[in-house]
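Okay, start_7.pdb now, which holds PDB, C-alpha atoms, pLDDT in the B column:
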```pdb
ATOM      1  CA  MET A  99     141.526 173.842 151.306  1.00 69.00           C
ATOM      2  CA  THR A 100     142.559 177.347 152.373  1.00 77.00           C
ATOM      3  CA  GLU A 101     145.828 176.002 153.711  1.00 84.00           C
ATOM      4  CA  GLU A 102     146.523 174.234 150.399  1.00 78.00           C
ATOM      5  CA  LEU A 103     145.953 177.471 148.497  1.00 70.00           C
ATOM      6  CA  ALA A 104     148.176 179.374 150.908  1.00 79.00           C
ATOM      7  CA  ASP A 105     150.909 176.751 150.388  1.00 79.00           C
ATOM      8  CA  LEU A 106     150.658 177.467 146.652  1.00 73.00           C
ATOM      9  CA  ASN A 107     150.817 181.235 147.272  1.00 79.00           C
ATOM     10  CA  PHE A 108     147.195 181.383 146.135  1.00 72.00           C
ATOM     11  CA  TYR A 109     148.178 180.258 142.641  1.00 70.00           C
ATOM     12  CA  LEU A 110     144.842 179.125 141.192  1.00 68.00           C
ATOM     13  CA  ASP A 111     145.957 177.821 137.798  1.00 65.00           C
ATOM     14  CA  LEU A 112     146.160 174.196 138.860  1.00 62.00           C
ATOM     15  CA  CYS A 113     144.977 172.593 135.629  1.00 65.00           C
ATOM     16  CA  GLY A 114     148.539 172.036 134.437  1.00 65.00           C
ATOM     17  CA  PHE A 115     147.754 172.735 130.791  1.00 68.00           C
ATOM     18  CA  PRO A 116     150.229 174.930 128.958  1.00 68.00           C
ATOM     19  CA  HIS A 117     148.923 178.272 127.842  1.00 71.00           C
ATOM     20  CA  GLU A 118     149.577 179.069 124.216  1.00 77.00           C
ATOM     21  CA  GLU A 119     150.069 182.685 123.398  1.00 83.00           C
ATOM     22  CA  GLU A 120     149.101 183.866 119.951  1.00 87.00           C
ATOM     23  CA  GLU A 121     151.493 186.252 118.277  1.00 89.00           C
ATOM     24  CA  ILE A 122     149.734 189.103 116.513  1.00 93.00           C
ATOM     25  CA  LEU A 123     151.814 190.431 113.634  1.00 94.00           C
ATOM     26  CA  PRO A 124     151.412 193.611 111.641  1.00 96.00           C
ATOM     27  CA  PRO A 125     149.553 192.862 108.381  1.00 96.00           C
ATOM     28  CA  HIS A 126     152.592 193.207 106.097  1.00 97.00           C
ATOM     29  CA  GLU A 127     154.648 190.789 108.242  1.00 97.00           C
ATOM     30  CA  LEU A 128     151.783 188.315 108.401  1.00 96.00           C
ATOM     31  CA  ILE A 129     151.385 188.390 104.606  1.00 97.00           C
ATOM     32  CA  GLN A 130     155.141 187.980 104.138  1.00 98.00           C
ATOM     33  CA  GLN A 131     155.240 184.946 106.458  1.00 97.00           C
ATOM     34  CA  TYR A 132     152.216 183.464 104.689  1.00 97.00           C
ATOM     35  CA  GLN A 133     153.842 183.918 101.263  1.00 98.00           C
ATOM     36  CA  GLU A 134     157.119 182.372 102.461  1.00 98.00           C
ATOM     37  CA  LYS A 135     155.320 179.365 103.959  1.00 98.00           C
ATOM     38  CA  ARG A 136     153.204 178.972 100.826  1.00 98.00           C
ATOM     39  CA  ALA A 137     156.302 179.076  98.590  1.00 98.00           C
ATOM     40  CA  SER A 138     157.982 176.469 100.781  1.00 98.00           C
ATOM     41  CA  LEU A 139     154.937 174.175 100.642  1.00 98.00           C
ATOM     42  CA  ASN A 140     154.625 174.615  96.877  1.00 98.00           C
ATOM     43  CA  ALA A 141     158.301 173.676  96.458  1.00 98.00           C
ATOM     44  CA  ASP A 142     157.743 170.538  98.559  1.00 98.00           C
ATOM     45  CA  ILE A 143     154.673 169.608  96.498  1.00 97.00           C
ATOM     46  CA  ASP A 144     156.557 170.147  93.228  1.00 96.00           C
ATOM     47  CA  ARG A 145     159.465 167.996  94.445  1.00 97.00           C
ATOM     48  CA  ILE A 146     157.157 165.167  95.537  1.00 96.00           C
ATOM     49  CA  LEU A 147     155.207 165.282  92.278  1.00 94.00           C
ATOM     50  CA  MET A 148     158.464 165.090  90.321  1.00 94.00           C
ATOM     51  CA  GLU A 149     159.490 162.031  92.351  1.00 94.00           C
ATOM     52  CA  ILE A 150     156.115 160.388  91.667  1.00 94.00           C
ATOM     53  CA  GLU A 151     156.345 161.159  87.953  1.00 92.00           C
ATOM     54  CA  THR A 152     159.848 159.679  87.876  1.00 92.00           C
ATOM     55  CA  ILE A 153     158.664 156.500  89.599  1.00 90.00           C
ATOM     56  CA  LEU A 154     155.657 156.208  87.309  1.00 90.00           C
ATOM     57  CA  GLY A 155     157.812 156.868  84.259  1.00 88.00           C
ATOM     58  CA  GLN A 156     160.209 154.102  85.264  1.00 79.00           C
ATOM     59  CA  LYS A 157     157.344 151.668  85.803  1.00 71.00           C
ATOM     60  CA  TYR A 158     155.808 152.629  82.453  1.00 67.00           C
ATOM     61  CA  GLU A 159     159.127 152.038  80.679  1.00 69.00           C
ATOM     62  CA  LYS A 160     159.478 148.591  82.337  1.00 66.00           C
ATOM     63  CA  GLU A 161     155.979 147.587  81.231  1.00 68.00           C
ATOM     64  CA  LYS A 162     156.719 148.221  77.509  1.00 59.00           C
TER      65      LYS A 162
END
```
Before we go any further, please render this structure as structure tokens.
Amino acid sequence: MTEELADLNFYLDLCGFPHEEEEILPPHELIQQYQEKRASLNADIDRILMEIETILGQKYEKEK
């Protein structure tokens, strides 16, 4: 066992899982990123809802 560790230069992190580092932002940058992401998600939601309304409107017109 000691020889194996020496062969690895005593590197003990053998689990192989990647380590994720969390980026800590200043509050104003964090809020800005949050607002940008929220605006992007809201735009996606609005676009998808418009597509659904268009599809439903077309189906409603066909049913008349």
Next item on the list: Using CA of Ile143 (chain A) and CA of Gly155 (chain A) as the two end points, give the distance in Å to one decimal.
Entry: 17.9 Å
Next item on the list: Provide the CA of Gln130 (chain A) to CA of Met148 (chain A) distance in Å, to one decimal place.
Entry: 26.9 Å
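A straight line drawn from CA of Tyr132 (chain A) to CA of Ile150 (chain A) is 26.8 Å long.
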